[in-house]
>>> print(open('upload-v3.cif').read())   # mmCIF, C-alpha atoms and all ligand atoms
data_start
loop_
_atom_site.label_atom_id
_atom_site.label_comp_id
_atom_site.auth_asym_id
_atom_site.auth_seq_id
_atom_site.Cartn_x
_atom_site.Cartn_y
_atom_site.Cartn_z
CA MET A 1 0.00 0.00 0.00
CA ASN A 2 1.18 3.44 -0.92
CA TYR A 3 0.55 5.62 2.14
CA THR A 4 0.45 9.37 1.72
CA ILE A 5 -0.29 10.10 5.39
CA GLU A 6 1.56 8.13 8.07
CA ILE A 7 0.95 8.83 11.74
CA GLU A 8 3.11 6.81 14.10
CA ASN A 9 2.76 6.81 17.91
CA VAL A 10 1.83 10.48 18.00
CA SER A 11 1.08 12.10 21.35
CA LYS A 12 0.46 15.73 22.25
CA MET A 13 0.70 17.35 25.64
CA ILE A 14 -0.79 20.80 26.12
CA ARG A 15 -0.05 22.39 29.48
CA SER A 16 0.85 19.06 31.09
CA LYS A 17 -2.39 17.49 29.85
CA GLU A 18 -2.12 14.64 27.36
CA ILE A 19 -4.62 15.66 24.67
CA ILE A 20 -3.56 13.02 22.10
CA LYS A 21 -2.49 9.62 23.34
CA ASN A 22 -0.20 7.54 21.17
CA ILE A 23 -2.19 7.57 17.93
CA SER A 24 -1.11 5.56 14.87
CA PHE A 25 -2.82 5.19 11.51
CA ASN A 26 -2.09 5.55 7.80
CA VAL A 27 -4.11 6.85 4.88
CA GLY A 28 -3.49 5.48 1.39
CA LYS A 29 -3.22 7.40 -1.87
CA GLY A 30 -6.63 8.14 -3.35
CA GLU A 31 -8.40 7.18 -0.16
CA VAL A 32 -11.13 9.23 1.52
CA PHE A 33 -10.66 8.82 5.25
CA GLY A 34 -13.30 9.95 7.75
CA PHE A 35 -12.11 11.15 11.14
CA LEU A 36 -14.86 10.84 13.73
CA GLY A 37 -15.31 11.39 17.44
CA PRO A 38 -17.27 13.38 20.01
CA ASN A 39 -16.66 17.09 20.67
CA GLY A 40 -13.31 17.57 22.35
CA ALA A 41 -12.02 14.10 21.36
CA GLY A 42 -8.93 15.53 19.65
CA LYS A 43 -9.73 15.56 15.92
CA THR A 44 -8.76 19.17 15.31
CA THR A 45 -5.62 18.73 17.41
CA VAL A 46 -4.50 15.80 15.21
CA ILE A 47 -5.33 17.79 12.09
CA ARG A 48 -3.38 20.80 13.37
CA MET A 49 -0.36 18.53 13.80
CA LEU A 50 -0.83 17.12 10.28
CA VAL A 51 -0.67 20.58 8.75
CA ASN A 52 2.19 21.61 11.05
CA LEU A 53 0.33 24.31 12.96
CA ILE A 54 1.43 22.58 16.15
CA ARG A 55 4.10 19.96 16.81
CA PRO A 56 3.58 16.51 18.27
CA THR A 57 5.13 16.06 21.71
CA SER A 58 6.32 12.65 20.52
CA GLY A 59 5.88 10.37 17.53
CA THR A 60 6.33 10.75 13.78
CA ILE A 61 4.17 12.15 11.00
CA ARG A 62 5.12 11.55 7.38
CA ILE A 63 3.44 13.22 4.42
CA CYS A 64 4.16 11.49 1.10
CA GLY A 65 7.19 9.97 2.79
CA HIS A 66 8.51 13.30 4.14
CA ASP A 67 8.88 13.56 7.90
CA ILE A 68 7.20 16.85 8.85
CA ASN A 69 9.81 17.44 11.53
CA THR A 70 12.85 17.19 9.29
CA ASP A 71 11.39 17.72 5.80
CA ARG A 72 8.82 20.35 6.65
CA LYS A 73 8.83 22.18 3.33
CA GLN A 74 8.44 19.15 1.07
CA ALA A 75 5.78 17.73 3.38
CA MET A 76 3.71 20.93 3.50
CA ALA A 77 3.90 21.39 -0.28
CA GLN A 78 1.75 18.25 -0.58
CA ILE A 79 -1.07 19.46 1.68
CA GLY A 80 -4.10 21.66 1.15
CA ALA A 81 -6.36 22.22 4.12
CA ILE A 82 -9.40 23.94 5.51
CA ILE A 83 -9.44 23.90 9.28
CA GLU A 84 -12.78 24.79 10.82
CA GLN A 85 -13.27 27.93 8.70
CA PRO A 86 -11.44 28.82 5.49
CA GLU A 87 -9.17 31.80 6.10
CA LEU A 88 -10.76 34.48 3.95
CA TYR A 89 -10.60 38.27 3.93
CA ASP A 90 -14.13 39.63 3.74
CA TYR A 91 -13.24 43.04 2.34
CA MET A 92 -11.28 41.54 -0.55
CA SER A 93 -12.76 39.98 -3.70
CA GLY A 94 -12.71 36.24 -4.25
CA TYR A 95 -9.98 36.71 -6.83
CA ALA A 96 -7.90 38.92 -4.54
CA ASN A 97 -8.19 36.31 -1.80
CA LEU A 98 -6.87 33.59 -4.10
CA LYS A 99 -4.12 35.87 -5.41
CA HIS A 100 -3.12 36.86 -1.88
CA TYR A 101 -3.05 33.25 -0.77
CA ALA A 102 -0.98 32.30 -3.83
CA ASN A 103 1.55 35.08 -3.19
CA MET A 104 1.88 34.07 0.44
CA ASN A 105 2.44 30.41 -0.30
CA ASP A 106 3.71 29.62 -3.75
CA THR A 107 4.81 32.34 -6.12
CA SER A 108 4.64 30.00 -9.12
CA ILE A 109 0.82 30.10 -9.10
CA THR A 110 -0.33 31.96 -12.19
CA HIS A 111 -3.46 33.92 -13.10
CA GLU A 112 -4.42 31.00 -15.36
CA ARG A 113 -4.19 28.55 -12.46
CA ILE A 114 -6.41 30.81 -10.32
CA MET A 115 -9.02 30.97 -13.09
CA GLU A 116 -8.78 27.23 -13.66
CA ILE A 117 -9.38 26.31 -10.04
CA ALA A 118 -12.14 28.93 -9.72
CA SER A 119 -13.96 27.27 -12.59
CA VAL A 120 -13.43 23.81 -11.09
CA VAL A 121 -15.18 24.81 -7.87
CA ASN A 122 -17.73 26.85 -9.80
CA ILE A 123 -17.01 30.25 -8.32
CA GLU A 124 -15.66 32.09 -11.37
CA LYS A 125 -18.76 34.23 -11.85
CA SER A 126 -18.41 35.73 -8.37
CA LEU A 127 -14.64 36.16 -8.36
CA LYS A 128 -14.84 39.95 -8.65
CA GLU A 129 -17.26 40.37 -5.78
CA LYS A 130 -16.18 41.01 -2.22
CA VAL A 131 -16.19 37.90 -0.08
CA LYS A 132 -18.44 39.61 2.50
CA THR A 133 -21.26 39.26 -0.06
CA TYR A 134 -20.70 35.51 -0.44
CA SER A 135 -23.10 32.89 0.89
CA LEU A 136 -21.76 30.14 3.15
CA GLY A 137 -21.65 27.70 0.22
CA MET A 138 -19.68 30.17 -1.91
CA ARG A 139 -17.25 30.83 0.92
CA GLN A 140 -16.71 27.14 1.31
CA ARG A 141 -16.06 26.71 -2.43
CA LEU A 142 -13.62 29.60 -2.36
CA GLY A 143 -11.92 27.96 0.61
CA LEU A 144 -11.65 24.74 -1.39
CA ALA A 145 -10.20 26.63 -4.36
CA GLN A 146 -7.63 28.14 -2.00
CA ALA A 147 -6.71 24.76 -0.55
CA LEU A 148 -6.38 23.20 -4.03
CA LEU A 149 -4.55 26.08 -5.68
CA HIS A 150 -1.07 24.57 -5.45
CA LYS A 151 -2.24 21.11 -6.64
CA PRO A 152 -1.63 19.24 -3.39
CA GLU A 153 -1.63 15.43 -3.16
CA ILE A 154 -3.58 15.59 0.08
CA LEU A 155 -6.63 17.54 1.12
CA ILE A 156 -7.42 17.90 4.81
CA LEU A 157 -10.81 19.18 5.82
CA ASP A 158 -12.01 19.82 9.36
CA GLU A 159 -15.81 19.86 9.46
CA PRO A 160 -16.13 21.32 5.97
CA THR A 161 -19.89 21.01 5.63
CA ASN A 162 -20.71 22.99 8.78
CA GLY A 163 -23.72 25.10 7.93
CA LEU A 164 -24.16 23.99 4.33
CA ASP A 165 -27.67 23.19 3.09
CA PRO A 166 -28.51 19.61 1.98
CA ASN A 167 -27.80 20.44 -1.63
CA GLY A 168 -24.47 22.05 -0.76
CA ILE A 169 -23.53 19.01 1.30
CA LYS A 170 -24.40 16.64 -1.54
CA GLU A 171 -22.46 18.70 -4.07
CA PHE A 172 -19.51 18.79 -1.72
CA ARG A 173 -19.62 15.01 -1.23
CA LYS A 174 -19.66 14.40 -4.98
CA TYR A 175 -16.71 16.73 -5.43
CA VAL A 176 -14.67 14.99 -2.72
CA ARG A 177 -15.31 11.62 -4.39
CA HIS A 178 -14.39 13.10 -7.74
CA LEU A 179 -11.05 14.40 -6.41
CA ALA A 180 -10.22 11.00 -4.94
CA ASP A 181 -11.50 8.83 -7.79
CA GLU A 182 -10.42 10.89 -10.80
CA HIS A 183 -7.34 12.64 -9.45
CA GLY A 184 -6.07 10.12 -6.92
CA MET A 185 -6.15 12.75 -4.21
CA THR A 186 -5.94 11.58 -0.60
CA ILE A 187 -8.60 13.21 1.56
CA LEU A 188 -8.88 13.25 5.33
CA ILE A 189 -12.10 14.73 6.54
CA SER A 190 -13.52 15.22 10.02
CA SER A 191 -17.24 15.55 10.43
CA HIS A 192 -20.11 14.91 12.79
CA LEU A 193 -22.47 14.05 9.92
CA LEU A 194 -22.25 10.27 10.10
CA SER A 195 -24.54 9.55 7.18
CA GLU A 196 -22.45 11.84 4.97
CA ILE A 197 -19.23 10.19 6.10
CA GLU A 198 -20.79 6.81 5.37
CA LEU A 199 -21.63 7.87 1.82
CA MET A 200 -18.32 9.56 1.13
CA CYS A 201 -15.52 7.68 2.89
CA ASP A 202 -13.58 4.51 2.15
CA ARG A 203 -12.41 4.11 5.72
CA ILE A 204 -12.98 5.74 9.09
CA GLY A 205 -11.11 6.22 12.34
CA ILE A 206 -12.88 6.99 15.60
CA ILE A 207 -11.10 8.98 18.30
CA GLU A 208 -12.29 9.39 21.87
CA HIS A 209 -10.51 11.13 24.77
CA GLY A 210 -7.43 11.44 22.55
CA LYS A 211 -7.21 7.73 21.78
CA LEU A 212 -7.86 6.05 18.47
CA ILE A 213 -10.46 3.45 19.41
CA GLU A 214 -11.47 2.15 15.98
CA LEU A 215 -10.34 1.87 12.38
CA LYS A 216 -12.93 0.49 10.01
CA ASP A 217 -13.03 -0.22 6.31
CA LEU A 218 -16.41 0.86 4.97
CA LYS A 219 -15.81 -0.57 1.52
CA ALA A 220 -14.83 -4.15 2.43
CA PRO A 221 -17.79 -6.50 2.57
CA SER A 222 -18.39 -7.15 6.26
CA THR A 223 -17.33 -10.56 7.46
CA LEU A 224 -20.87 -11.14 8.70
CA GLN A 225 -19.53 -12.78 11.85
CA ASN A 226 -22.51 -13.22 14.11
CA HIS A 227 -24.44 -11.13 11.73
CA LYS A 228 -28.14 -10.39 11.96
CA PHE A 229 -30.47 -11.75 9.31
CA LEU A 230 -34.14 -11.21 8.66
CA ILE A 231 -35.97 -14.32 7.44
CA LYS A 232 -39.52 -14.35 6.13
CA VAL A 233 -41.06 -17.76 6.81
CA SER A 234 -44.46 -19.39 6.28
CA ASP A 235 -44.85 -20.26 9.96
CA THR A 236 -43.06 -18.23 12.62
CA GLU A 237 -44.38 -20.38 15.52
CA LEU A 238 -42.88 -23.53 14.09
CA ALA A 239 -39.69 -21.74 13.10
CA ALA A 240 -39.34 -20.26 16.59
CA ASP A 241 -39.77 -23.70 18.19
CA LEU A 242 -37.11 -25.15 15.95
CA LEU A 243 -34.62 -22.30 16.44
CA GLY A 244 -35.35 -22.44 20.19
CA THR A 245 -34.30 -26.08 20.43
CA LYS A 246 -31.01 -25.14 18.80
CA GLU A 247 -30.43 -22.38 21.37
CA LEU A 248 -30.00 -19.76 18.69
CA LEU A 249 -30.39 -16.03 19.24
CA PHE A 250 -33.55 -14.87 17.50
CA ARG A 251 -36.73 -12.84 17.91
CA LYS A 252 -40.01 -12.55 16.07
CA VAL A 253 -40.21 -9.22 14.28
CA ASP A 254 -43.74 -9.60 12.89
CA PRO A 255 -46.10 -12.55 12.22
CA ASN A 256 -44.05 -13.62 9.21
CA THR A 257 -40.52 -12.51 9.97
CA ILE A 258 -37.80 -13.66 12.32
CA GLU A 259 -34.56 -11.91 13.14
CA LEU A 260 -31.71 -14.32 13.65
CA ARG A 261 -28.17 -13.64 14.85
CA ILE A 262 -25.73 -16.27 13.57
CA PRO A 263 -22.50 -16.46 11.59
CA GLU A 264 -23.14 -16.36 7.87
CA GLU A 265 -21.52 -19.77 7.38
CA ASN A 266 -24.29 -21.41 9.43
CA MET A 267 -27.10 -20.01 7.31
CA PRO A 268 -27.32 -22.81 4.67
CA GLU A 269 -27.69 -25.40 7.41
CA ILE A 270 -30.46 -23.40 9.14
CA ILE A 271 -32.31 -22.85 5.87
CA GLN A 272 -32.16 -26.57 5.10
CA GLU A 273 -33.36 -27.42 8.58
CA LEU A 274 -36.33 -25.05 8.31
CA ASN A 275 -37.18 -26.51 4.90
CA SER A 276 -37.04 -30.05 6.17
CA HIS A 277 -39.67 -29.14 8.79
CA ASN A 278 -41.93 -27.82 6.05
CA ILE A 279 -41.28 -24.21 6.98
CA ARG A 280 -41.08 -22.32 3.72
CA ILE A 281 -38.64 -19.46 3.33
CA TYR A 282 -39.63 -16.50 1.18
CA TRP A 283 -36.39 -14.63 1.64
CA ALA A 284 -33.45 -14.12 3.98
CA ALA A 285 -31.54 -10.86 4.10
CA PRO A 286 -28.62 -9.59 6.18
CA ILE A 287 -29.20 -6.51 8.32
CA THR A 288 -26.19 -4.27 7.95
CA GLU A 289 -25.25 -1.89 10.72
CA THR A 290 -25.34 1.77 9.77
CA LEU A 291 -22.27 3.85 10.50
CA GLU A 292 -24.29 5.63 13.19
CA GLU A 293 -25.10 2.34 14.92
CA HIS A 294 -21.47 1.30 14.61
CA TYR A 295 -20.26 4.64 15.97
CA PHE A 296 -22.40 4.44 19.10
CA SER A 297 -21.68 0.79 19.77
CA THR A 298 -17.92 1.48 19.43
CA LEU A 299 -18.07 4.49 21.78
CA SER A 300 -20.09 2.67 24.42
CA ALA A 301 -17.82 -0.40 24.21
CA SER A 302 -14.75 1.79 24.81
CA GLU A 303 -16.31 3.34 27.93
CA GLY A 304 -15.52 0.14 29.77
CA MET A 305 -11.84 0.27 28.83
N1 LIG A 401 -4.52 25.16 22.92
C1 LIG A 401 -5.14 24.36 23.77
N2 LIG A 401 -4.97 24.51 25.10
C2 LIG A 401 -5.59 23.69 25.98
N3 LIG A 401 -6.40 22.69 25.63
C3 LIG A 401 -6.61 22.49 24.33
C4 LIG A 401 -6.00 23.30 23.32
N4 LIG A 401 -6.39 22.87 22.11
C5 LIG A 401 -7.23 21.82 22.36
N5 LIG A 401 -7.36 21.60 23.67
C6 LIG A 401 -8.16 20.53 24.30
O1 LIG A 401 -7.92 19.33 23.59
C7 LIG A 401 -9.08 18.54 23.50
C8 LIG A 401 -9.31 18.17 22.07
O2 LIG A 401 -9.73 19.31 21.35
P1 LIG A 401 -10.02 19.28 19.78
O3 LIG A 401 -10.34 20.65 19.36
O4 LIG A 401 -8.89 18.59 19.11
O5 LIG A 401 -11.31 18.36 19.72
P2 LIG A 401 -12.23 17.98 18.45
O6 LIG A 401 -12.27 16.49 18.39
O7 LIG A 401 -11.76 18.71 17.27
O8 LIG A 401 -13.65 18.50 18.93
P3 LIG A 401 -14.85 19.16 18.05
O9 LIG A 401 -15.63 18.02 17.52
O10 LIG A 401 -15.61 19.90 19.09
O11 LIG A 401 -14.25 20.04 17.02
C9 LIG A 401 -10.19 19.33 24.15
O12 LIG A 401 -10.36 18.86 25.45
C10 LIG A 401 -9.65 20.75 24.16
O13 LIG A 401 -10.15 21.45 25.25
MG MG A 402 -12.60 20.13 16.03
#
>>> encode(input="upload-v3.cif", output="structure tokens")
Amino acid sequence: MNYTIEIENVSKMIRSKEIIKNISFNVGKGEVFGFLGPNGAGKTTVIRMLVNLIRPTSGTIRICGHDINTDRKQAMAQIGAIIEQPELYDYMSGYANLKHYANMNDTSITHERIMEIASVVNIEKSLKEKVKTYSLGMRQRLGLAQALLHKPEILILDEPTNGLDPNGIKEFRKYVRHLADEHGMTILISSHLLSEIELMCDRIGIIEHGKLIELKDLKAPSTLQNHKFLIKVSDTELAADLLGTKELLFRKVDPNTIELRIPEENMPEIIQELNSHNIRIYWAAPITETLEEHYFSTLSASEGM
């Protein structure tokens, strides 16, 4: 795997308090990684270390192979970021903001590049207007243009959809996928909108009290270990009796449907067994956990740790 972000045993102390506790994870090229966790968990602190606004107390961060401690310049050249709010000057036009940002960061950025990126994020018609007249969605697109101006390999976004309307959120999600799928960009995004993260991300990490408590691949088919299935049968009474004698975990959902919790590999046997007792099966379907359900079950499990 080609990792563009590598975080190794990173901790951060702020005023003798350990805010981040020995976190390690990697993000691969072209991957969209969702960074989740309750308020105050430490997401922004990790992100601030990734973009070199603050330094880890210990541990290593590598960006496209460059250690941000020793190879700061090369590492930072690969990153575009919006942290909480894009840094915009209200009294300047959209164009002037982009130009200013370009001059501050990378003098090789041309007028043509500014116009190109403005058209990509669909802001070119408003470029001459002062940013104070922009709507939230326009500000966010201008922020994205700013972050993408120098063609970074990695885009880091801290709660980028805060305050956007449903259409703005959807557009944003499509654009993030486009950057990853068509341009191979690596994107790390923190958000509290779990359903959005579920639609947009390849993988997630959950952080709580400064510890990484979960890494989960959202794209891999789940192993269905002790998975829940819904089964529609011709006779739930009979089916319940039979499943009861086998000491299986199940419940009746409605007069025709049973919910059964077993490993997937045991399903054929159960189906055969039901059939052989003249219980007819109309369908059987796995119940997949939503990211929200997974999030809450992970957080409550870690409370006991
Ligand atoms: N400069 C600082 N000085 C003292 N404490 C800080 C500082 N920055 C962050 N913290 C503390 O670190 C913890 C993590 O904060 P952080 O902003 O990283 O959380 P977060 O996961 O981004 O939360 P949210 O979802 O609310 O944005 C919090 O308890 C916060 O109070
Ligand atoms: Mg935050």
>>> residues_near_ligand(input="upload-v3.cif", ligand="ligand MG 402 (chain A)", cutoff="8 Å", atoms="only C-alpha atoms and all ligand atoms", output="list in words")
Asn39, Gly40, Gly42, Lys43, Thr44, Thr45, Glu84, Asp158, Glu159 and Ser190 of chain A
>>> residues_near_ligand(input="upload-v3.cif", ligand="ligand LIG 401 (chain A)", cutoff="10 Å", atoms="all atoms listed in the file", output="MDAnalysis selection string")
chainID A and resid 12:20 35:48 54 83:84 158:159 190:192 206:210
>>> write_last_selection(input="upload-v3.cif", atoms="C-alpha atoms", output="short mmCIF file (atom, residue, chain, number, x, y, z; two decimals), in the frame of the given file")
data_model
loop_
_atom_site.label_atom_id
_atom_site.label_comp_id
_atom_site.auth_asym_id
_atom_site.auth_seq_id
_atom_site.Cartn_x
_atom_site.Cartn_y
_atom_site.Cartn_z
CA LYS A 12 0.46 15.73 22.25
CA MET A 13 0.70 17.35 25.64
CA ILE A 14 -0.79 20.80 26.12
CA ARG A 15 -0.05 22.39 29.48
CA SER A 16 0.85 19.06 31.09
CA LYS A 17 -2.39 17.49 29.85
CA GLU A 18 -2.12 14.64 27.36
CA ILE A 19 -4.62 15.66 24.67
CA ILE A 20 -3.56 13.02 22.10
CA PHE A 35 -12.11 11.15 11.14
CA LEU A 36 -14.86 10.84 13.73
CA GLY A 37 -15.31 11.39 17.44
CA PRO A 38 -17.27 13.38 20.01
CA ASN A 39 -16.66 17.09 20.67
CA GLY A 40 -13.31 17.57 22.35
CA ALA A 41 -12.02 14.10 21.36
CA GLY A 42 -8.93 15.53 19.65
CA LYS A 43 -9.73 15.56 15.92
CA THR A 44 -8.76 19.17 15.31
CA THR A 45 -5.62 18.73 17.41
CA VAL A 46 -4.50 15.80 15.21
CA ILE A 47 -5.33 17.79 12.09
CA ARG A 48 -3.38 20.80 13.37
CA ILE A 54 1.43 22.58 16.15
CA ILE A 83 -9.44 23.90 9.28
CA GLU A 84 -12.78 24.79 10.82
CA ASP A 158 -12.01 19.82 9.36
CA GLU A 159 -15.81 19.86 9.46
CA SER A 190 -13.52 15.22 10.02
CA SER A 191 -17.24 15.55 10.43
CA HIS A 192 -20.11 14.91 12.79
CA ILE A 206 -12.88 6.99 15.60
CA ILE A 207 -11.10 8.98 18.30
CA GLU A 208 -12.29 9.39 21.87
CA HIS A 209 -10.51 11.13 24.77
CA GLY A 210 -7.43 11.44 22.55
#
>>> residues_around(input="upload-v3.cif", residues="region 272-279 of chain A", least_positions_apart="3", cutoff="9 Å", atoms="only C-alpha atoms", output="PDB file with C-alpha atoms, in the coordinates of the input")
ATOM      1  CA  VAL A 233     -41.060 -17.760   6.810  1.00  0.00           C
ATOM      2  CA  SER A 234     -44.460 -19.390   6.280  1.00  0.00           C
ATOM      3  CA  ASP A 235     -44.850 -20.260   9.960  1.00  0.00           C
ATOM      4  CA  THR A 236     -43.060 -18.230  12.620  1.00  0.00           C
ATOM      5  CA  LEU A 238     -42.880 -23.530  14.090  1.00  0.00           C
ATOM      6  CA  ALA A 239     -39.690 -21.740  13.100  1.00  0.00           C
ATOM      7  CA  LEU A 242     -37.110 -25.150  15.950  1.00  0.00           C
ATOM      8  CA  LEU A 243     -34.620 -22.300  16.440  1.00  0.00           C
ATOM      9  CA  MET A 267     -27.100 -20.010   7.310  1.00  0.00           C
ATOM     10  CA  PRO A 268     -27.320 -22.810   4.670  1.00  0.00           C
ATOM     11  CA  GLU A 269     -27.690 -25.400   7.410  1.00  0.00           C
TER      12      GLU A 269
END
>>> residues_around(input="upload-v3.cif", residues="region 4-6 of chain A", least_positions_apart="2", cutoff="9 Å", atoms="all atoms listed in the file", output="list in words")
Asn2, Glu8, Ser24, Phe25, Asn26, Val27, Gly28, Lys29, Gly30, Leu50, Thr60, Ile61, Arg62, Ile63, Cys64, Gly65, Glu153, Ile154 and Thr186 of chain A
>>> atom_distance(input="upload-v3.cif", atom1="CA of Lys21 (chain A)", atom2="CA of Ile213 (chain A)")
10.8 Å
>>> closest_residue(input="upload-v3.cif", among="A:Gly205, A:Gly34, A:Pro152, A:Pro263", to="Ile79 (chain A)", atoms="only C-alpha atoms")
A:Pro152
>>> atom_distance(input="upload-v3.cif", atom1="CA of Gly94 (chain A)", atom2="CA of Tyr134 (chain A)")
8.9 Å
>>> closest_residue(input="upload-v3.cif", among="A:Leu144, A:Cys201, A:Ile68, A:Val131", to="Tyr89 (chain A)", atoms="only C-alpha atoms")
A:Val131
>>> closest_residue(input="upload-v3.cif", among="A:Ile262, A:Met104, A:Ile23, A:Leu136", to="Leu215 (chain A)", atoms="only C-alpha atoms")
A:Ile23
>>> closest_residue(input="upload-v3.cif", among="A:Glu129, A:Glu171, A:Glu182, A:Asp106", to="Gln146 (chain A)", atoms="all atoms listed in the file")
A:Asp106
>>> residues_around(input="upload-v3.cif", residues="Ala180 (chain A)", least_positions_apart="3", cutoff="7 Å", atoms="only C-alpha atoms", output="list in words")
Gly30, Glu31, Val32, Val176, Arg177, His183, Gly184, Met185 and Thr186 of chain A
>>> write_last_selection(input="upload-v3.cif", atoms="C-alpha atoms", output="CSV table (one decimal), in the coordinates of the input")
chain,number,residue,atom,x,y,z
A,30,GLY,CA,-6.6,8.1,-3.4
A,31,GLU,CA,-8.4,7.2,-0.2
A,32,VAL,CA,-11.1,9.2,1.5
A,176,VAL,CA,-14.7,15.0,-2.7
A,177,ARG,CA,-15.3,11.6,-4.4
A,183,HIS,CA,-7.3,12.6,-9.4
A,184,GLY,CA,-6.1,10.1,-6.9
A,185,MET,CA,-6.2,12.8,-4.2
A,186,THR,CA,-5.9,11.6,-0.6
>>> closest_residue(input="upload-v3.cif", among="A:Ile169, A:Ile82, A:Phe296, A:Asn103", to="Leu193 (chain A)", atoms="all atoms listed in the file")
A:Ile169
>>> atom_distance(input="upload-v3.cif", atom1="CA of Ile187 (chain A)", atom2="CA of Leu155 (chain A)")
4.8 Å
>>> closest_residue(input="upload-v3.cif", among="A:Asn22, A:Gly168, A:Val120, A:Phe229", to="Met138 (chain A)", atoms="all atoms listed in the file")
A:Gly168
